[in-house]
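Below is query15.txt, holding compact mmCIF, C-alpha atoms.
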# COMPACT_ATOMS: atom_id res chain seq x y z
CA MET A 12 117.93 71.14 129.70
CA SER A 13 119.90 69.06 127.28
CA LYS A 14 123.60 68.74 127.86
CA LEU A 15 126.26 68.56 125.21
CA GLY A 16 126.39 65.14 123.65
CA GLN A 17 123.05 64.12 125.06
CA ALA A 18 119.98 63.53 123.01
CA LYS A 19 117.64 66.50 122.70
CA ARG A 20 115.07 66.70 125.43
CA ILE A 21 111.61 65.72 124.37
CA ILE A 22 108.48 67.17 125.96
CA PHE A 23 105.35 65.04 126.13
CA LEU A 24 102.00 66.73 125.53
CA LYS A 25 98.60 65.08 125.81
CA THR A 26 95.62 66.53 123.97
CA ALA A 27 91.95 66.66 124.99
CA ASP A 28 91.22 63.74 122.65
CA GLY A 29 93.89 61.66 124.33
CA GLN A 30 96.71 61.82 121.80
CA LEU A 31 100.28 61.95 122.98
CA PHE A 32 102.69 64.27 121.18
CA GLU A 33 106.45 64.20 121.49
CA VAL A 34 107.84 67.66 120.87
CA ASP A 35 111.40 68.99 120.85
CA GLU A 36 111.96 71.16 123.88
CA PRO A 37 112.65 74.48 122.08
CA VAL A 38 109.41 74.09 120.13
CA ALA A 39 107.33 73.18 123.19
CA MET A 40 108.80 76.16 125.05
CA GLU A 41 107.21 78.42 122.45
CA PHE A 42 103.96 77.60 124.24
CA GLU A 43 103.85 79.94 127.19
CA ILE A 44 101.56 77.54 129.03
CA VAL A 45 104.05 74.66 128.73
CA LYS A 46 106.95 76.91 129.67
CA SER A 47 105.24 78.07 132.85
CA PHE A 48 104.28 74.48 133.67
CA PHE A 49 107.97 73.58 133.82
CA ASP A 50 108.92 76.87 135.50
CA GLU A 51 106.49 76.08 138.27
CA ASN A 52 107.42 72.40 138.47
CA GLU A 53 111.18 72.54 138.31
CA ASP A 54 111.49 69.02 139.62
CA ALA A 55 109.19 67.54 137.01
CA ALA A 56 110.58 64.31 135.65
CA ASP A 57 111.78 64.27 132.06
CA ASP A 58 108.95 62.01 131.02
CA THR A 59 106.24 64.16 132.60
CA VAL A 60 103.21 64.39 130.36
CA VAL A 61 101.75 67.90 130.18
CA PRO A 62 97.98 67.70 129.81
CA LEU A 63 96.37 70.14 127.38
CA PRO A 64 92.65 69.71 128.15
CA ASN A 65 91.53 72.52 125.80
CA VAL A 66 93.40 71.49 122.68
CA SER A 67 92.71 68.61 120.36
CA ALA A 68 95.19 66.76 118.20
CA GLU A 69 94.50 68.37 114.83
CA PRO A 70 95.15 72.00 115.73
CA LEU A 71 98.08 70.99 117.96
CA ALA A 72 99.75 69.26 115.03
CA GLY A 73 99.30 72.43 112.99
CA ILE A 74 100.70 74.58 115.76
CA ILE A 75 103.75 72.37 116.23
CA GLU A 76 104.45 72.57 112.50
CA PHE A 77 104.29 76.37 112.63
CA CYS A 78 106.39 76.79 115.77
CA LYS A 79 108.99 74.27 114.64
CA ALA A 80 109.53 76.21 111.43
CA HIS A 81 109.72 79.52 113.27
CA VAL A 82 112.18 78.22 115.86
CA GLU A 83 114.39 77.14 112.96
CA PHE A 84 114.02 80.49 111.21
CA ARG A 85 115.20 82.24 114.34
CA ALA A 86 118.10 79.84 114.79
CA ASN A 87 119.17 80.49 111.18
CA GLY A 88 118.85 84.25 111.53
CA ALA A 89 116.07 84.26 108.95
CA ALA A 90 113.46 85.89 111.18
CA GLY A 91 111.59 88.66 109.37
CA LYS A 92 112.96 87.65 105.99
CA ASP A 93 111.12 86.72 102.83
CA GLU A 94 111.36 82.97 103.41
CA VAL A 95 109.33 83.41 106.62
CA LYS A 96 106.64 85.29 104.73
CA LYS A 97 106.68 82.58 102.09
CA PHE A 98 106.33 79.85 104.68
CA ASN A 99 103.47 81.69 106.42
CA ALA A 100 101.63 82.22 103.15
CA GLU A 101 101.99 78.53 102.22
CA TYR A 102 101.00 77.45 105.72
CA ILE A 103 97.75 79.38 105.70
CA LYS A 104 96.81 78.78 102.08
CA GLU A 105 95.45 75.29 102.66
CA LYS A 106 93.65 76.09 105.90
CA SER A 107 89.87 76.34 105.91
CA ASN A 108 88.11 78.99 107.95
CA GLU A 109 87.11 76.25 110.40
CA GLN A 110 90.71 75.11 110.84
CA LEU A 111 91.83 78.69 111.25
CA LYS A 112 89.39 79.23 114.10
CA GLU A 113 90.52 76.05 115.85
CA LEU A 114 94.12 77.15 115.45
CA ILE A 115 93.49 80.57 116.95
CA LEU A 116 91.60 79.14 119.91
CA ALA A 117 94.38 76.65 120.56
CA ALA A 118 97.15 79.21 120.07
CA ASN A 119 95.33 81.53 122.46
CA TYR A 120 95.04 78.80 125.09
CA LEU A 121 98.67 77.78 124.68
CA ASN A 122 99.58 81.48 124.66
CA ILE A 123 101.88 81.67 121.64
CA LYS A 124 102.19 85.35 120.86
CA GLU A 125 103.93 85.19 117.52
CA MET A 126 101.44 82.72 116.13
CA LEU A 127 98.46 84.59 117.55
CA ASP A 128 99.61 87.79 115.85
CA PHE A 129 99.92 85.94 112.59
CA LEU A 130 96.51 84.25 112.91
CA THR A 131 94.61 87.39 113.89
CA GLU A 132 96.11 89.18 110.92
CA THR A 133 95.13 86.31 108.64
CA ILE A 134 91.54 86.30 109.91
CA ALA A 135 91.33 90.10 109.62
CA ASN A 136 92.41 89.81 105.99
CA ARG A 137 89.79 87.15 105.34
CA LEU A 138 87.06 89.39 106.82
CA LYS A 139 88.02 92.55 104.96
CA ASN A 140 85.27 93.83 102.72
CA LYS A 141 83.04 90.85 103.51
CA SER A 142 79.29 91.01 104.13
CA VAL A 143 77.71 90.76 107.56
CA GLU A 144 76.22 87.40 106.55
CA TYR A 145 79.66 86.09 105.61
CA VAL A 146 81.08 87.09 108.98
CA ARG A 147 78.18 85.46 110.82
CA ALA A 148 78.75 82.24 108.92
CA PHE A 149 82.51 82.50 109.50
CA PHE A 150 82.15 82.67 113.27
CA GLY A 151 79.00 80.56 113.41
CA ILE A 152 77.12 83.36 115.09
CA GLU A 153 73.39 83.45 115.55
CA ASN A 154 72.21 87.00 114.98
CA ASP A 155 70.57 88.04 118.22
CA PHE A 156 69.70 91.58 117.17
CA THR A 157 65.98 92.16 116.69
CA PRO A 158 65.17 93.11 113.08
CA GLN A 159 64.53 96.70 114.25
CA GLU A 160 67.85 96.92 116.06
CA GLU A 161 69.71 95.51 113.09
CA GLU A 162 67.98 97.92 110.72
CA ALA A 163 68.97 100.85 112.95
CA VAL A 164 72.65 99.85 113.03
CA ARG A 165 72.69 99.19 109.29
CA LYS A 166 71.20 102.58 108.62
CA GLU A 167 73.77 104.30 110.76
CA TYR A 168 76.60 102.77 108.73
CA GLU A 169 75.02 102.69 105.29
CA TRP A 170 78.26 103.94 103.72
CA ALA A 171 80.11 100.91 105.03
CA PHE A 172 77.95 98.54 103.02
CA GLU A 173 78.66 99.88 99.56
CA GLY A 174 80.68 97.61 97.34
CA VAL A 175 81.29 94.69 99.70
CA ASP A 176 82.46 91.43 98.15
CA GLU A 177 79.99 88.79 97.03
CA ASP A 178 79.78 85.96 99.56
CA MET B 28 79.58 67.99 118.08
CA GLU B 29 79.91 70.38 115.14
CA GLN B 30 76.74 72.17 116.19
CA GLN B 31 78.01 72.38 119.74
CA SER B 32 81.28 73.97 118.77
CA LYS B 33 79.49 76.48 116.55
CA MET B 34 77.06 77.52 119.25
CA ASP B 35 79.87 78.19 121.67
CA MET B 36 82.06 79.99 119.21
CA PHE B 37 81.60 83.55 120.33
CA ASP B 38 81.44 82.69 124.00
CA ILE B 39 84.79 81.01 123.87
CA PHE B 40 86.33 83.27 121.26
CA PRO B 41 88.64 85.41 123.34
CA GLU B 42 87.66 89.04 123.39
CA GLU B 43 91.20 90.28 122.98
CA CYS B 44 91.58 88.18 119.83
CA MET B 45 88.34 89.60 118.53
CA SER B 46 89.44 93.16 119.25
CA GLN B 47 92.78 92.54 117.63
CA ILE B 48 91.16 91.12 114.52
CA ILE B 49 88.84 94.13 114.24
CA ASN B 50 91.83 96.41 114.81
CA LEU B 51 93.57 94.91 111.82
CA THR B 52 90.66 95.60 109.48
CA ALA B 53 89.70 99.07 108.27
CA PRO B 54 87.16 101.60 109.56
CA ARG B 55 84.63 100.53 106.96
CA ASP B 56 84.99 96.88 108.00
CA ALA B 57 84.73 97.70 111.70
CA SER B 58 81.53 99.64 111.07
CA ARG B 59 80.05 96.75 109.16
CA LEU B 60 81.14 94.24 111.79
CA SER B 61 79.08 96.08 114.39
CA VAL B 62 75.97 94.77 112.61
CA VAL B 63 77.00 91.13 113.05
CA SER B 64 75.70 90.78 116.62
CA PRO B 65 75.48 92.82 119.83
CA ALA B 66 78.71 91.22 121.11
CA PHE B 67 80.48 92.22 117.91
CA LYS B 68 79.03 95.68 118.17
CA SER B 69 80.49 96.26 121.59
CA ALA B 70 83.90 94.99 120.42
CA ALA B 71 83.74 96.92 117.14
CA ASP B 72 82.67 100.20 118.76
CA SER B 73 85.34 100.18 121.43
CA ASP B 74 87.73 103.10 121.91
CA GLY B 75 90.67 100.71 121.65
CA VAL B 76 89.73 99.79 118.09
CA TRP B 77 89.00 103.33 116.87
CA GLU B 78 91.94 104.97 118.55
CA LYS B 79 94.13 102.80 116.30
CA PHE B 80 92.31 104.08 113.22
CA LEU B 81 93.06 107.67 114.18
CA PRO B 82 96.50 109.08 113.37
CA SER B 83 98.88 108.23 116.21
CA GLU B 84 99.37 111.93 117.09
CA TYR B 85 95.71 112.91 116.67
CA LYS B 86 95.65 114.77 119.99
CA ASP B 87 98.45 117.09 118.88
CA ILE B 88 96.85 117.57 115.50
CA ILE B 89 93.58 118.65 117.06
CA SER B 90 95.20 120.89 119.65
CA ASN B 91 97.21 122.66 116.90
CA SER B 92 94.06 123.31 114.90
CA ASP B 93 91.22 125.70 115.43
CA SER B 94 88.95 122.80 116.39
CA SER B 95 88.07 122.43 120.01
CA SER B 96 90.30 120.21 122.11
CA LEU B 97 87.11 119.01 123.74
CA LEU B 98 86.86 116.72 120.72
CA THR B 99 89.53 114.48 122.15
CA THR B 100 87.98 114.21 125.59
CA CYS B 101 84.22 114.37 125.15
CA MET B 102 83.59 111.88 122.41
CA SER B 103 83.99 108.18 121.96
CA LYS B 104 86.89 107.50 119.61
CA LYS B 105 84.48 106.16 117.04
CA ASN B 106 82.40 109.34 117.11
CA LEU B 107 85.57 111.39 116.92
CA PHE B 108 86.68 109.47 113.85
CA GLN B 109 83.35 110.06 112.16
CA HIS B 110 83.29 113.69 113.22
CA LEU B 111 86.70 114.24 111.62
CA CYS B 112 85.53 112.56 108.40
CA ASP B 113 82.59 114.95 108.16
CA ASN B 114 84.39 118.01 109.52
CA PRO B 115 87.95 118.02 108.26
CA ILE B 116 90.29 120.11 110.34
CA ILE B 117 92.76 122.60 108.98
CA ILE B 118 96.13 121.86 110.52
CA ASN B 119 98.32 124.76 111.71
CA ASN B 120 95.56 127.13 110.56
CA GLY B 121 96.28 126.32 106.95
CA ALA B 122 99.75 127.81 106.99
CA VAL B 123 101.28 124.62 105.62
CA LEU B 124 100.40 124.64 101.96
CA ASN B 125 102.31 126.82 99.55
CA ALA B 126 100.66 127.26 96.21
CA THR B 127 101.51 129.34 93.21
CA TRP B 128 98.65 130.14 90.95
CA GLY B 129 100.22 130.54 87.58
CA SER B 130 98.83 130.97 84.11
CA ALA B 131 100.13 131.47 80.59
CA GLY B 132 103.24 133.60 80.84
CA ASP B 133 102.63 133.83 84.57
CA VAL B 134 100.23 136.70 84.16
CA PRO B 135 98.80 136.96 87.64
CA MET B 136 95.78 139.04 86.69
CA TYR B 137 93.84 135.95 85.72
CA TRP B 138 93.86 134.78 89.27
CA ILE B 139 92.03 136.84 91.82
CA LEU B 140 92.48 136.04 95.46
CA PRO B 141 89.19 137.10 97.02
CA SER B 142 89.49 138.24 100.60
CA GLN B 143 86.32 136.47 101.53
CA SER B 144 84.90 133.21 100.39
CA ASP B 145 82.63 130.50 101.67
CA SER B 146 85.47 128.00 101.50
CA ARG B 147 86.89 126.40 104.60
CA PHE B 148 90.37 127.34 103.42
CA ALA B 149 92.11 130.61 104.22
CA GLU B 150 93.19 131.29 100.67
CA VAL B 151 91.12 130.75 97.57
CA ALA B 152 92.08 131.60 94.02
CA LYS B 153 89.41 132.66 91.59
CA PHE B 154 90.12 131.87 88.02
CA GLY B 155 88.97 134.28 85.33
CA PRO B 156 88.20 133.40 81.71
CA MET B 157 91.37 131.71 80.53
CA TRP B 158 92.32 128.80 78.38
CA TYR B 159 95.36 127.74 80.24
CA PHE B 160 96.36 127.63 83.84
CA GLU B 161 98.84 125.96 86.08
CA VAL B 162 98.82 125.45 89.81
CA LYS B 163 101.85 124.20 91.70
CA GLY B 164 102.31 123.70 95.37
CA GLY B 165 103.80 121.72 98.12
CA MET B 166 103.89 121.00 101.80
CA GLU B 167 106.31 119.50 104.27
CA THR B 168 105.67 115.79 104.79
CA LYS B 169 106.94 115.98 108.35
CA LEU B 170 103.66 117.73 109.22
CA LEU B 171 101.79 114.55 108.29
CA SER B 172 101.25 111.36 110.22
CA PRO B 173 103.85 108.66 109.66
CA LYS B 174 103.00 105.35 107.98
CA THR B 175 99.83 106.73 106.50
CA ILE B 176 98.42 106.75 102.99
CA TYR B 177 97.23 110.20 102.00
CA GLY B 178 95.01 111.30 99.15
CA THR B 179 95.58 114.68 97.54
CA TYR B 180 92.47 116.51 96.45
CA LEU B 181 91.70 119.57 94.46
CA VAL B 182 88.76 121.40 96.03
CA PHE B 183 86.99 123.67 93.58
CA LYS B 184 83.75 125.26 92.60
CA PHE B 185 82.34 126.74 89.40
CA HIS B 186 81.45 130.34 89.98
CA ASP B 187 79.51 130.52 86.80
CA LEU B 188 77.76 127.67 85.18
CA GLU B 189 78.78 128.57 81.66
CA ARG B 190 82.35 127.77 82.60
CA ARG B 191 81.21 124.41 83.68
CA ILE B 192 79.62 123.74 80.33
CA LEU B 193 82.81 124.85 78.62
CA TYR B 194 84.85 122.42 80.69
CA LYS B 195 82.72 119.60 79.46
CA GLU B 196 84.25 119.99 76.05
CA ASP B 197 87.69 120.81 77.29
CA PRO B 198 90.41 118.25 77.27
CA PRO B 199 91.12 116.82 80.69
CA VAL B 200 93.51 118.60 83.01
CA LYS B 201 96.72 116.86 83.98
CA CYS B 202 97.76 116.52 87.55
CA GLY B 203 100.52 114.84 89.46
CA VAL B 204 101.62 114.28 93.04
CA TYR B 205 105.24 113.50 93.87
CA PHE B 206 108.02 114.08 96.36
CA GLU B 207 110.30 116.99 95.56
CA GLY B 208 113.25 115.86 93.49
CA LYS B 209 111.59 112.54 92.70
CA ASP B 210 109.17 113.53 89.98
CA ASP B 211 108.72 110.52 87.72
CA GLY B 212 106.73 112.66 85.30
CA LYS B 213 103.57 110.59 85.73
CA ARG B 214 100.40 112.63 85.36
CA HIS B 215 96.75 111.69 85.66
CA SER B 216 94.03 113.07 83.44
CA LEU B 217 91.01 114.50 85.19
CA PHE B 218 87.83 116.02 83.90
CA LEU B 219 86.69 118.84 86.11
CA ASP B 220 83.12 118.21 85.16
CA PRO B 221 81.54 115.38 87.15
CA ALA B 222 79.99 114.07 83.94
CA GLY B 223 83.52 113.17 82.88
CA SER B 224 84.86 109.68 83.11
CA MET B 225 86.54 109.89 86.52
CA LEU B 226 83.43 109.45 88.61
CA ARG B 227 85.17 107.45 91.28
CA ARG B 228 87.66 110.17 91.96
CA TYR B 229 85.02 112.80 92.32
CA ARG B 230 83.03 113.91 95.31
CA ASP B 231 80.37 116.59 95.58
CA LYS B 232 80.36 118.21 98.99
CA GLY B 233 76.76 119.33 98.51
CA ASP B 234 77.56 123.03 99.02
CA GLY B 235 78.81 123.74 95.53
CA TRP B 236 82.37 122.74 96.42
CA MET B 237 83.66 119.62 94.75
CA GLU B 238 86.68 117.43 95.34
CA ILE B 239 88.72 115.53 92.83
CA GLU B 240 91.43 113.14 93.83
CA MET B 241 94.70 114.18 92.24
CA GLY B 242 96.69 111.27 93.53
CA GLU B 243 97.77 109.45 96.63
CA PHE B 244 101.04 108.86 98.37
CA PHE B 245 102.43 106.97 101.32
CA ASN B 246 104.05 109.04 104.04
CA GLU B 247 106.64 106.69 105.49
CA ASN B 248 108.24 108.73 108.29
CA GLY B 249 107.83 112.29 107.10
CA HIS B 250 111.46 112.31 105.96
CA ASP B 251 110.66 112.66 102.30
CA GLY B 252 110.85 116.45 102.30
CA MET B 253 108.32 118.42 100.33
CA LEU B 254 105.31 116.77 98.81
CA MET B 255 104.59 118.51 95.52
CA PHE B 256 101.52 118.68 93.37
CA THR B 257 100.90 120.19 89.98
CA PHE B 258 97.75 120.86 88.12
CA ILE B 259 97.88 121.99 84.50
CA SER B 260 95.07 122.56 82.04

What would the structure in this file look like if it were written as structure tokens?
Amino acid sequence: MSKLGQAKRIIFLKTADGQLFEVDEPVAMEFEIVKSFFDENEDAADDTVVPLPNVSAEPLAGIIEFCKAHVEFRANGAAGKDEVKKFNAEYIKEKSNEQLKELILAANYLNIKEMLDFLTETIANRLKNKSVEYVRAFFGIENDFTPQEEEAVRKEYEWAFEGVDED
Amino acid sequence: MEQQSKMDMFDIFPEECMSQIINLTAPRDASRLSVVSPAFKSAADSDGVWEKFLPSEYKDIISNSDSSSLLTTCMSKKNLFQHLCDNPIIINNGAVLNATWGSAGDVPMYWILPSQSDSRFAEVAKFGPMWYFEVKGGMETKLLSPKTIYGTYLVFKFHDLERRILYKEDPPVKCGVYFEGKDDGKRHSLFLDPAGSMLRRYRDKGDGWMEIEMGEFFNENGHDGMLMFTFIS
């Protein structure tokens, strides 16, 4: 923990692709996995590098950006206000579906509840009223129904297929 | 590398994330998602997902209705949801809706309240040959589920086909839905005949009874008092 007058503590994180990130402590503690690492290793030296073998650099950079902003919002008492919504909307606007999936996998591994809630909601909104084919492409899923099985399920939910968006 | 990550996507995509995503869509989306793949189907059919689509107090609603309470125990939540869509339940045995069936000068003789009808509702008003009528009614919003969007429908039937033909040439009827004391005066125009222009708001139940959407409203917490509707030719 940082003491008054001392420099802020920095946490070192190493990604699967070997990149080293230096993150302010309050931001790194948003990651449940990092927090429990230090809870379990109370004696860990200040320059301990926490390995993150399931996360690569690109999504981690995105996650740090998100958590940093949200830590600041909370510190400023802005949590739940319009500027948070505005930030979230801007943050997600530029993200491709592929990036979004990488972010959610990484956020799930790092166990960041607030960000996970936000990402699942974003993905749900992107899947609303979309065709089955769109969803398969979105998740990169091979359809392993037999044509007969698929036909049977489609028939059962015929009403759900009216008026879906064009892909 | 790209191919690899795609192939593994569903295997590594955490099931609780998947369920949460499906939860945040709508019943129509969840039904469609079950066609994506068998793994999606099992996530999209789960009780956890469909229980969230049901009103939060659905067990109370069913036990206060004349529908069997077995519904809540013997069916998957998805089947229950679909059952309730096809077989609407009358809450509190229908004793929640107050309607006055008025007409020009409030002459009640133009409305007959038949003691028996093939409607699912306890009270039905039969409208005689008249050129003007007005229906007003309301119900307590606290009887409804909180944080839910409701549609308000007029359920009706033509008891003689000539009337129906007459309605074709009639001007549309005006209807409105509002909270008591907060009437903004907005009214929608509806044609009772399905050949009218409001096709999207119209549903034929297949047994002669038809439904027209009069309007919708959001029930925040049930603290908005009486929900009112009016229907004027």

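The gap separating atom CA of Thr52 of chain B from atom CA of Lys139 of chain A is 6.1 Å, in Å to one decimal.
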
I need the contact residues of chain A against chain B, so if you could list those with any atom within 6 Å, counting all atoms listed in the file, and return them as a list in words, that would help.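 Selected residues: Thr131, Ala135, Val143, Gly151, Asn154 and Ala171 of chain A.
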
Kindly save the residues from that selection, with C-alpha atoms included, as a PDB file, in the coordinates of the input.
ATOM      1  CA  THR A 131      94.610  87.390 113.890  1.00  0.00           C
ATOM      2  CA  ALA A 135      91.330  90.100 109.620  1.00  0.00           C
ATOM      3  CA  VAL A 143      77.710  90.760 107.560  1.00  0.00           C
ATOM      4  CA  GLY A 151      79.000  80.560 113.410  1.00  0.00           C
ATOM      5  CA  ASN A 154      72.210  87.000 114.980  1.00  0.00           C
ATOM      6  CA  ALA A 171      80.110 100.910 105.030  1.00  0.00           C
TER       7      ALA A 171
END

Excluding Gly174 of chain A and any residue of its chain fewer than 5 positions from it, enumerate the residues within 10 Å of it, using all atoms listed in the file, and give them as a VMD selection string. chain A and resid 140 to 142

Requested write-out: C-alpha atoms of the selected residues, as a short mmCIF file (atom, residue, chain, number, x, y, z; two decimals), keeping the file's coordinate frame:
data_model
loop_
_atom_site.label_atom_id
_atom_site.label_comp_id
_atom_site.auth_asym_id
_atom_site.auth_seq_id
_atom_site.Cartn_x
_atom_site.Cartn_y
_atom_site.Cartn_z
CA ASN A 140 85.27 93.83 102.72
CA LYS A 141 83.04 90.85 103.51
CA SER A 142 79.29 91.01 104.13
#

With a distance cut-off of 12 Å and all atoms listed in the file, select the neighbouring residues of segment 80-88 of chain A, excluding the residue or stretch itself and same-chain residues fewer than 3 positions from it, and output the selection as a list in words.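 My reading of the contact set: Asp35, Glu36, Pro37, Val38, Ala39, Met40, Glu41, Phe42, Gly73, Ile74, Ile75, Glu76, Phe77, Gly91, Lys92, Asp93, Glu94, Val95, Lys96, Lys97, Phe98, Asn99, Tyr102, Ile123, Glu125, Met126 and Phe129 of chain A.
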